[in-house]
$ cat structure23.cif   # mmCIF, C-alpha atoms
data_upload
loop_
_atom_site.label_atom_id
_atom_site.label_comp_id
_atom_site.auth_asym_id
_atom_site.auth_seq_id
_atom_site.Cartn_x
_atom_site.Cartn_y
_atom_site.Cartn_z
CA MET V 1 -21.07 3.31 16.85
CA SER V 2 -19.92 6.68 15.47
CA GLU V 3 -16.58 7.29 13.77
CA ASN V 4 -15.37 9.23 16.81
CA GLU V 5 -16.27 6.36 19.14
CA VAL V 6 -14.35 3.94 16.91
CA PHE V 7 -11.29 6.23 16.99
CA ASN V 8 -11.48 6.59 20.77
CA MET V 9 -11.90 2.86 21.35
CA TYR V 10 -8.88 1.71 19.35
CA PHE V 11 -6.53 4.66 19.92
CA GLY V 12 -7.42 4.45 23.61
CA ILE V 13 -5.47 1.19 23.98
CA ILE V 14 -2.17 2.88 23.07
CA GLU V 15 -0.07 3.65 26.13
CA ASP V 16 0.69 7.29 26.88
CA ASN V 17 4.05 7.56 28.67
CA ARG V 18 3.87 11.30 29.27
CA CYS V 19 3.63 12.75 32.77
CA GLU V 20 -0.08 13.34 33.39
CA ALA V 21 0.55 16.66 35.14
CA ASN V 22 2.04 18.13 31.96
CA VAL V 23 -0.43 16.74 29.43
CA ILE V 24 -2.47 19.38 27.60
CA HIS V 25 -3.30 17.42 24.45
CA PRO V 26 -4.84 13.97 25.01
CA LEU V 27 -2.97 11.29 23.08
CA VAL V 28 -6.18 10.07 21.44
CA ASP V 29 -6.86 13.57 20.10
CA ILE V 30 -3.37 13.85 18.59
CA LEU V 31 -3.65 10.44 16.92
CA LYS V 32 -7.10 11.27 15.57
CA LEU V 33 -5.81 14.52 14.09
CA VAL V 34 -2.81 12.83 12.45
CA MET V 35 -4.85 9.99 10.97
CA ILE V 36 -7.60 12.26 9.63
CA ALA V 37 -5.06 14.69 8.15
CA ILE V 38 -3.09 11.87 6.46
CA LEU V 39 -6.30 10.45 4.99
CA CYS V 40 -6.85 13.91 3.50
CA GLY V 41 -3.42 13.84 1.85
CA MET V 42 -1.31 15.71 4.42
CA ASP V 43 2.08 13.94 4.52
CA GLU V 44 4.18 16.54 6.33
CA LEU V 45 4.08 17.66 9.97
CA ASP V 46 3.54 21.32 9.07
CA LYS V 47 0.66 20.40 6.76
CA ILE V 48 -0.96 18.26 9.45
CA ILE V 49 -0.88 21.19 11.87
CA ASP V 50 -2.16 23.63 9.21
CA TYR V 51 -5.00 21.19 8.44
CA GLY V 52 -5.90 21.10 12.13
CA GLU V 53 -5.93 24.89 12.42
CA ASN V 54 -8.04 25.28 9.27
CA LYS V 55 -10.53 22.57 10.32
CA LYS V 56 -10.84 23.45 14.01
CA GLU V 57 -14.60 23.79 13.99
CA PHE V 58 -15.13 20.53 12.10
CA LEU V 59 -12.65 18.58 14.25
CA GLU V 60 -14.22 19.79 17.50
CA LYS V 61 -17.77 19.08 16.34
CA GLU V 62 -17.17 15.65 14.81
CA PHE V 63 -14.20 14.33 16.82
CA ASN V 64 -14.15 16.41 20.02
CA ILE V 65 -10.62 17.69 19.29
CA LYS V 66 -10.46 21.02 21.12
CA LEU V 67 -6.76 21.96 20.81
CA ILE V 68 -4.31 21.65 17.93
CA PRO V 69 -0.76 20.72 19.04
CA SER V 70 2.34 22.64 18.04
CA LYS V 71 4.96 21.07 15.79
CA PRO V 72 7.36 20.29 18.70
CA THR V 73 4.54 18.62 20.64
CA LEU V 74 3.43 16.61 17.62
CA THR V 75 7.03 15.59 16.93
CA ARG V 76 7.65 14.41 20.53
CA VAL V 77 4.39 12.50 20.77
CA MET V 78 4.73 10.70 17.44
CA ALA V 79 8.30 9.69 18.33
CA MET V 80 7.02 8.30 21.64
CA VAL V 81 4.14 6.19 20.30
CA ASN V 82 4.75 2.48 19.81
CA PRO V 83 4.54 2.06 15.99
CA LYS V 84 3.26 -1.53 16.13
CA TRP V 85 0.38 -0.65 18.45
CA LEU V 86 -0.38 2.37 16.29
CA SER V 87 -0.44 0.24 13.13
CA LEU V 88 -2.72 -2.34 14.74
CA SER V 89 -5.09 0.38 15.96
CA ILE V 90 -5.29 1.95 12.49
CA VAL V 91 -6.00 -1.42 10.88
CA CYS V 92 -8.78 -2.11 13.41
CA ILE V 93 -10.29 1.34 12.88
CA LEU V 94 -10.38 1.02 9.10
CA ASN V 95 -11.65 -2.55 9.17
CA THR V 96 -14.46 -1.37 11.44
CA LEU V 97 -15.36 1.70 9.38
CA ILE V 98 -15.15 0.09 5.93
CA LYS V 99 -18.31 -1.92 5.48
CA ASN V 100 -17.67 -3.43 2.04
CA ASN V 101 -14.70 -5.75 1.60
CA PRO V 102 -12.32 -4.57 -1.14
CA SER V 103 -11.60 -6.80 -4.13
CA GLN V 104 -7.99 -5.61 -4.34
CA ILE V 105 -5.32 -4.36 -1.96
CA MET V 106 -2.25 -2.52 -3.24
CA LEU V 107 0.97 -2.49 -1.20
CA ASP V 108 3.23 0.52 -1.65
CA GLY V 109 6.16 2.13 0.14
CA LYS V 110 6.74 5.87 0.42
CA ALA V 111 9.25 8.18 2.06
CA ILE V 112 7.55 10.81 4.23
CA LYS V 113 9.00 14.28 3.76
CA SER V 114 10.31 16.36 6.67
CA THR V 115 10.68 13.41 9.03
CA ASP V 116 14.45 13.70 8.63
CA ALA V 117 14.13 16.79 10.84
CA ILE V 118 12.99 14.72 13.81
CA LYS V 119 16.12 14.25 15.92
CA ARG V 120 15.11 10.86 17.24
CA ILE V 121 14.79 9.55 13.68
CA GLU V 122 18.21 9.49 11.99
CA THR V 123 16.95 8.93 8.44
CA MET V 124 13.87 9.82 6.45
CA MET V 125 10.88 7.73 7.52
CA ASN V 126 9.64 5.10 5.05
CA ILE V 127 6.06 3.89 5.39
CA VAL V 128 4.57 0.79 3.80
CA THR V 129 0.85 1.25 3.20
CA ALA V 130 -1.94 -1.11 2.18
CA TYR V 131 -4.50 0.65 -0.05
CA THR V 132 -7.89 -0.65 -1.14
CA ASP V 133 -9.07 -0.41 -4.73
CA THR V 134 -11.05 2.66 -3.64
CA GLY V 135 -7.86 4.43 -2.48
CA ILE V 136 -8.48 4.02 1.26
CA SER V 137 -5.53 3.09 3.47
CA LEU V 138 -6.14 -0.07 5.51
CA GLY V 139 -2.87 -0.12 7.40
CA GLN V 140 0.68 1.16 7.61
CA ILE V 141 4.04 0.00 8.92
CA THR V 142 7.04 2.28 9.43
CA VAL V 143 10.49 1.04 8.34
CA ASP V 144 13.88 2.70 8.66
CA SER V 145 15.10 1.94 5.14
CA LYS V 146 13.85 0.93 1.69
CA SER V 147 15.40 -2.53 2.01
CA ASN V 148 13.26 -3.31 5.06
CA GLU V 149 10.06 -2.96 3.05
CA ILE V 150 10.09 -6.64 2.05
CA PRO V 151 9.63 -8.12 5.56
CA ALA V 152 7.34 -5.21 6.48
CA VAL V 153 4.98 -6.09 3.62
CA ARG V 154 4.71 -9.66 4.90
CA GLU V 155 3.99 -8.39 8.40
CA LEU V 156 1.30 -6.07 7.03
CA ILE V 157 -0.29 -8.96 5.10
CA GLU V 158 -0.46 -10.97 8.34
CA MET V 159 -2.26 -8.07 10.04
CA LEU V 160 -4.99 -7.76 7.39
CA ASN V 161 -7.93 -9.95 6.49
CA ILE V 162 -7.11 -10.71 2.84
CA GLU V 163 -9.33 -13.74 2.31
CA GLY V 164 -10.58 -13.73 -1.30
CA ILE V 165 -8.68 -10.49 -2.07
CA VAL V 166 -6.08 -9.91 -4.80
CA ILE V 167 -2.82 -8.39 -3.52
CA THR V 168 -0.74 -6.30 -5.93
CA ALA V 169 2.75 -4.91 -5.37
CA ASP V 170 5.70 -3.60 -7.34
CA ALA V 171 8.71 -5.63 -8.50
CA MET V 172 10.52 -5.33 -5.16
CA HIS V 173 7.95 -7.64 -3.59
CA CYS V 174 8.11 -10.35 -6.22
CA GLN V 175 9.42 -12.80 -3.62
CA LYS V 176 8.60 -16.47 -3.05
CA GLU V 177 8.12 -15.90 0.68
CA THR V 178 5.74 -12.98 0.06
CA ALA V 179 3.65 -15.06 -2.36
CA GLU V 180 3.52 -17.87 0.19
CA THR V 181 2.41 -15.48 2.95
CA ILE V 182 -0.43 -14.22 0.75
CA ILE V 183 -1.64 -17.72 -0.13
CA GLU V 184 -1.42 -18.92 3.46
CA ASN V 185 -3.67 -16.01 4.44
CA LYS V 186 -6.22 -17.09 1.78
CA GLY V 187 -5.51 -14.25 -0.63
CA ASP V 188 -4.27 -14.17 -4.22
CA TYR V 189 -1.54 -12.12 -5.85
CA VAL V 190 -0.44 -10.27 -8.97
CA LEU V 191 3.31 -9.61 -8.79
CA GLN V 192 5.68 -8.14 -11.35
CA LEU V 193 8.40 -10.64 -12.20
CA LYS V 194 11.85 -9.06 -12.22
CA ALA V 195 15.27 -10.00 -13.58
CA ASN V 196 16.77 -10.93 -10.21
CA GLN V 197 14.57 -14.04 -10.19
CA GLY V 198 17.16 -15.63 -12.45
CA ASN V 199 16.11 -18.57 -14.62
CA PHE V 200 12.42 -18.10 -13.89
CA TYR V 201 12.52 -14.61 -15.37
CA LYS V 202 14.57 -15.80 -18.38
CA ASP V 203 12.20 -18.68 -19.11
CA VAL V 204 9.11 -16.48 -18.84
CA TYR V 205 10.69 -13.86 -21.07
CA ALA V 206 11.61 -16.52 -23.65
CA MET V 207 8.13 -18.02 -23.57
CA PHE V 208 6.49 -14.72 -24.42
CA ASP V 209 9.24 -13.37 -26.64
CA ASP V 210 9.12 -16.51 -28.81
CA LYS V 211 6.00 -15.16 -30.55
CA TYR V 212 6.03 -11.75 -28.96
CA MET V 213 3.37 -11.26 -29.67
CA ASN V 214 2.17 -12.28 -33.11
CA GLU V 215 -1.56 -11.70 -33.09
CA ALA V 216 -1.78 -13.12 -36.63
CA ASP V 217 -0.65 -16.54 -35.36
CA LYS V 218 -3.89 -18.48 -35.00
CA ASP V 219 -2.14 -21.24 -33.08
CA CYS V 220 -0.94 -18.88 -30.37
CA GLU V 221 -1.63 -20.37 -26.93
CA TYR V 222 -2.19 -17.00 -25.25
CA GLU V 223 -5.46 -15.35 -24.37
CA THR V 224 -5.35 -11.70 -25.39
CA PHE V 225 -7.16 -8.61 -24.16
CA SER V 226 -6.64 -5.16 -25.68
CA THR V 227 -7.53 -1.58 -24.80
CA THR V 228 -6.90 1.62 -26.76
CA GLU V 229 -6.78 5.11 -25.27
CA LYS V 230 -6.54 8.45 -27.07
CA SER V 231 -5.29 11.45 -25.12
CA HIS V 232 -3.27 14.62 -25.72
CA GLY V 233 -2.38 13.84 -29.29
CA ARG V 234 -1.28 10.26 -28.75
CA VAL V 235 -2.85 6.85 -29.10
CA GLU V 236 -1.78 4.10 -26.71
CA LYS V 237 -2.71 0.47 -27.23
CA ARG V 238 -2.17 -2.06 -24.44
CA THR V 239 -2.42 -5.77 -25.11
CA CYS V 240 -2.36 -8.29 -22.28
CA TYR V 241 -1.23 -11.82 -23.16
CA VAL V 242 -2.28 -14.45 -20.62
CA LEU V 243 -0.67 -17.89 -20.46
CA ASN V 244 -3.03 -20.33 -18.73
CA GLU V 245 -1.16 -23.57 -19.49
CA LEU V 246 1.86 -23.69 -17.17
CA ALA V 247 3.15 -27.22 -17.88
CA PHE V 248 6.52 -25.76 -18.92
CA PHE V 249 6.82 -24.06 -15.52
CA THR V 250 6.03 -27.08 -13.30
CA ASP V 251 9.32 -26.80 -11.39
CA TYR V 252 8.69 -23.15 -10.61
CA MET V 253 5.11 -23.81 -9.49
CA ALA V 254 6.50 -25.87 -6.62
CA GLU V 255 8.53 -22.84 -5.50
CA TRP V 256 5.90 -20.17 -6.15
CA LYS V 257 2.91 -21.16 -4.06
CA GLY V 258 -0.45 -20.43 -5.68
CA LEU V 259 0.95 -19.67 -9.14
CA LYS V 260 -1.92 -20.03 -11.64
CA ARG V 261 -1.23 -17.82 -14.64
CA ILE V 262 1.57 -15.81 -16.19
CA PHE V 263 0.90 -12.74 -18.29
CA ALA V 264 2.71 -9.97 -20.11
CA VAL V 265 1.56 -6.54 -21.24
CA LYS V 266 2.69 -5.01 -24.52
CA ARG V 267 2.37 -1.24 -24.97
CA GLU V 268 2.32 0.46 -28.36
CA MET V 269 2.19 4.24 -28.58
CA GLU V 270 1.58 6.47 -31.56
CA ILE V 271 2.33 10.18 -31.13
CA LYS V 272 0.88 12.56 -33.66
CA GLN V 273 3.28 15.24 -34.81
CA GLN V 274 2.07 18.78 -34.27
CA LYS V 275 2.20 21.16 -37.21
#
$ encode --input "structure23.cif" --output "structure tokens"
Amino acid sequence: MSENEVFNMYFGIIEDNRCEANVIHPLVDILKLVMIAILCGMDELDKIIDYGENKKEFLEKEFNIKLIPSKPTLTRVMAMVNPKWLSLSIVCILNTLIKNNPSQIMLDGKAIKSTDAIKRIETMMNIVTAYTDTGISLGQITVDSKSNEIPAVRELIEMLNIEGIVITADAMHCQKETAETIIENKGDYVLQLKANQGNFYKDVYAMFDDKYMNEADKDCEYETFSTTEKSHGRVEKRTCYVLNELAFFTDYMAEWKGLKRIFAVKREMEIKQQK
């Protein structure tokens, strides 16, 4: 099955509520254009349209897209489309096209520029995206505010096949419920512990800060891994300290499903002075 056939199959299930007599641009063609443009880094409506105009020959040959919509048309259609059905279709398309399973999926939220100009959307659109370790987007969910990213991430995890895959996310998503969702879906996680986790954060900080991090201490219970990079007149050394024995954190392990290791990263930077 070709890429175009995959696009047509999954985007074809999304309902088009426009009056058929007035339709010039097939819904499938608009969705194909938007998805292809976004995969190429176009995150604004004007850029998506410019991409379509500049790639007309390619889009018609490879994806049978004959007409590029105007900005008002694109705005109306994207406001009409059911976001959940769109998200599911995108996930199915990418799961079909990506042959090799990723070893890591990164969850990230971004605000899309220019969407505040769409009258039906009162605030700037925030999109939560799942990226593979190769930089390919596996799925997206639209939310109306930054605070809604937390439940959206869990919903996105439920949509994806994460069995045997490591999920990474920023400190916002260091939540017990998110960790549990990942484990229940047979994945694993690396989450950044943050101060609003109360005593857990304080105890972890104290555990590492107690020797933080005395490499000369031969009795240190941490595994250590170091890298050194030289660039633009500075030398940066990163040392990762991994705590495998979690007996001290038994109470927290009952709350944080799947917790296996705790680690901290120490960064040391040397900047050479220019003469």
$ residues_around --input "structure23.cif" --residues "segment 189-195 of chain V" --least-positions-apart "4" --cutoff "10 Å" --atoms "all atoms listed in the file" --output "ChimeraX atom specification"
/V:104-106,165-175,178-180,182-183,199-202,204-205,258-264
$ write_last_selection --input "structure23.cif" --atoms "C-alpha atoms" --output "PDB file, keeping the file's coordinate frame"
ATOM      1  CA  GLN V 104      -7.990  -5.610  -4.340  1.00  0.00           C
ATOM      2  CA  ILE V 105      -5.320  -4.360  -1.960  1.00  0.00           C
ATOM      3  CA  MET V 106      -2.250  -2.520  -3.240  1.00  0.00           C
ATOM      4  CA  ILE V 165      -8.680 -10.490  -2.070  1.00  0.00           C
ATOM      5  CA  VAL V 166      -6.080  -9.910  -4.800  1.00  0.00           C
ATOM      6  CA  ILE V 167      -2.820  -8.390  -3.520  1.00  0.00           C
ATOM      7  CA  THR V 168      -0.740  -6.300  -5.930  1.00  0.00           C
ATOM      8  CA  ALA V 169       2.750  -4.910  -5.370  1.00  0.00           C
ATOM      9  CA  ASP V 170       5.700  -3.600  -7.340  1.00  0.00           C
ATOM     10  CA  ALA V 171       8.710  -5.630  -8.500  1.00  0.00           C
ATOM     11  CA  MET V 172      10.520  -5.330  -5.160  1.00  0.00           C
ATOM     12  CA  HIS V 173       7.950  -7.640  -3.590  1.00  0.00           C
ATOM     13  CA  CYS V 174       8.110 -10.350  -6.220  1.00  0.00           C
ATOM     14  CA  GLN V 175       9.420 -12.800  -3.620  1.00  0.00           C
ATOM     15  CA  THR V 178       5.740 -12.980   0.060  1.00  0.00           C
ATOM     16  CA  ALA V 179       3.650 -15.060  -2.360  1.00  0.00           C
ATOM     17  CA  GLU V 180       3.520 -17.870   0.190  1.00  0.00           C
ATOM     18  CA  ILE V 182      -0.430 -14.220   0.750  1.00  0.00           C
ATOM     19  CA  ILE V 183      -1.640 -17.720  -0.130  1.00  0.00           C
ATOM     20  CA  ASN V 199      16.110 -18.570 -14.620  1.00  0.00           C
ATOM     21  CA  PHE V 200      12.420 -18.100 -13.890  1.00  0.00           C
ATOM     22  CA  TYR V 201      12.520 -14.610 -15.370  1.00  0.00           C
ATOM     23  CA  LYS V 202      14.570 -15.800 -18.380  1.00  0.00           C
ATOM     24  CA  VAL V 204       9.110 -16.480 -18.840  1.00  0.00           C
ATOM     25  CA  TYR V 205      10.690 -13.860 -21.070  1.00  0.00           C
ATOM     26  CA  GLY V 258      -0.450 -20.430  -5.680  1.00  0.00           C
ATOM     27  CA  LEU V 259       0.950 -19.670  -9.140  1.00  0.00           C
ATOM     28  CA  LYS V 260      -1.920 -20.030 -11.640  1.00  0.00           C
ATOM     29  CA  ARG V 261      -1.230 -17.820 -14.640  1.00  0.00           C
ATOM     30  CA  ILE V 262       1.570 -15.810 -16.190  1.00  0.00           C
ATOM     31  CA  PHE V 263       0.900 -12.740 -18.290  1.00  0.00           C
ATOM     32  CA  ALA V 264       2.710  -9.970 -20.110  1.00  0.00           C
TER      33      ALA V 264
END
$ residues_near_point --input "structure23.cif" --point "(8.7, -22.6, -2.5)" --cutoff "9 Å" --atoms "only C-alpha atoms" --output "list in words"
Lys176, Glu177, Glu180, Tyr252, Met253, Ala254, Glu255, Trp256 and Lys257 of chain V
$ atom_distance --input "structure23.cif" --atom1 "atom CA of Leu33 of chain V" --atom2 "atom CA of Leu59 of chain V"
8.0 Å
$ atom_distance --input "structure23.cif" --atom1 "atom CA of Ala21 of chain V" --atom2 "atom CA of Leu86 of chain V"
23.7 Å
$ residues_around --input "structure23.cif" --residues "Gly52 of chain V" --least-positions-apart "6" --cutoff "12 Å" --atoms "all atoms listed in the file" --output "ChimeraX atom specification"
/V:29-38,40,42,45-46,58-60,63,65-71,74
$ atom_distance --input "structure23.cif" --atom1 "atom CA of Ile141 of chain V" --atom2 "atom CA of Pro83 of chain V"
7.4 Å
$ residues_around --input "structure23.cif" --residues "Asn4 of chain V" --least-positions-apart "4" --cutoff "8 Å" --atoms "all atoms listed in the file" --output "PyMOL selection string"
chain V and resi 8+62-64
$ write_last_selection --input "structure23.cif" --atoms "C-alpha atoms" --output "compact mmCIF listing (two decimals), in the coordinates of the input"
# COMPACT_ATOMS: atom_id res chain seq x y z
CA ASN V 8 -11.48 6.59 20.77
CA GLU V 62 -17.17 15.65 14.81
CA PHE V 63 -14.20 14.33 16.82
CA ASN V 64 -14.15 16.41 20.02
$ residues_around --input "structure23.cif" --residues "Glu15 of chain V" --least-positions-apart "5" --cutoff "9 Å" --atoms "only C-alpha atoms" --output "MDAnalysis selection string"
chainID V and resid 27 81:82 85
$ residues_around --input "structure23.cif" --residues "Ser226 of chain V" --least-positions-apart "2" --cutoff "7 Å" --atoms "all atoms listed in the file" --output "ChimeraX atom specification"
/V:224,228,238-240
$ resolve_selection --input "structure23.cif" --expression "the PyMOL selection byres ((chain V and resi 222) around 6)" --output "list in words"
Cys220, Glu221, Glu223, Tyr241, Val242 and Leu243 of chain V
$ write_last_selection --input "structure23.cif" --atoms "C-alpha atoms" --output "PDB file, keeping the file's coordinate frame"
ATOM      1  CA  CYS V 220      -0.940 -18.880 -30.370  1.00  0.00           C
ATOM      2  CA  GLU V 221      -1.630 -20.370 -26.930  1.00  0.00           C
ATOM      3  CA  GLU V 223      -5.460 -15.350 -24.370  1.00  0.00           C
ATOM      4  CA  TYR V 241      -1.230 -11.820 -23.160  1.00  0.00           C
ATOM      5  CA  VAL V 242      -2.280 -14.450 -20.620  1.00  0.00           C
ATOM      6  CA  LEU V 243      -0.670 -17.890 -20.460  1.00  0.00           C
TER       7      LEU V 243
END
$ resolve_selection --input "structure23.cif" --expression "the PyMOL selection byres ((chain V and resi 155) around 12)" --output "NGL selection string"
:V and (84 or 87-88 or 107 or 128-130 or 139-143 or 148-154 or 156-160 or 177-178 or 181-182 or 185)
$ resolve_selection --input "structure23.cif" --expression "the PyMOL selection byres ((chain V and resi 18) around 12)" --output "JSON, numbers by chain"
{"V": [15, 16, 17, 19, 20, 21, 22, 23, 24, 25, 26, 27, 73, 76, 77, 78, 79, 80, 81]}
$ closest_residue --input "structure23.cif" --among "V:Ser231, V:Asn244, V:Thr132, V:Thr250" --to "Ile271 of chain V" --atoms "all atoms listed in the file"
V:Ser231
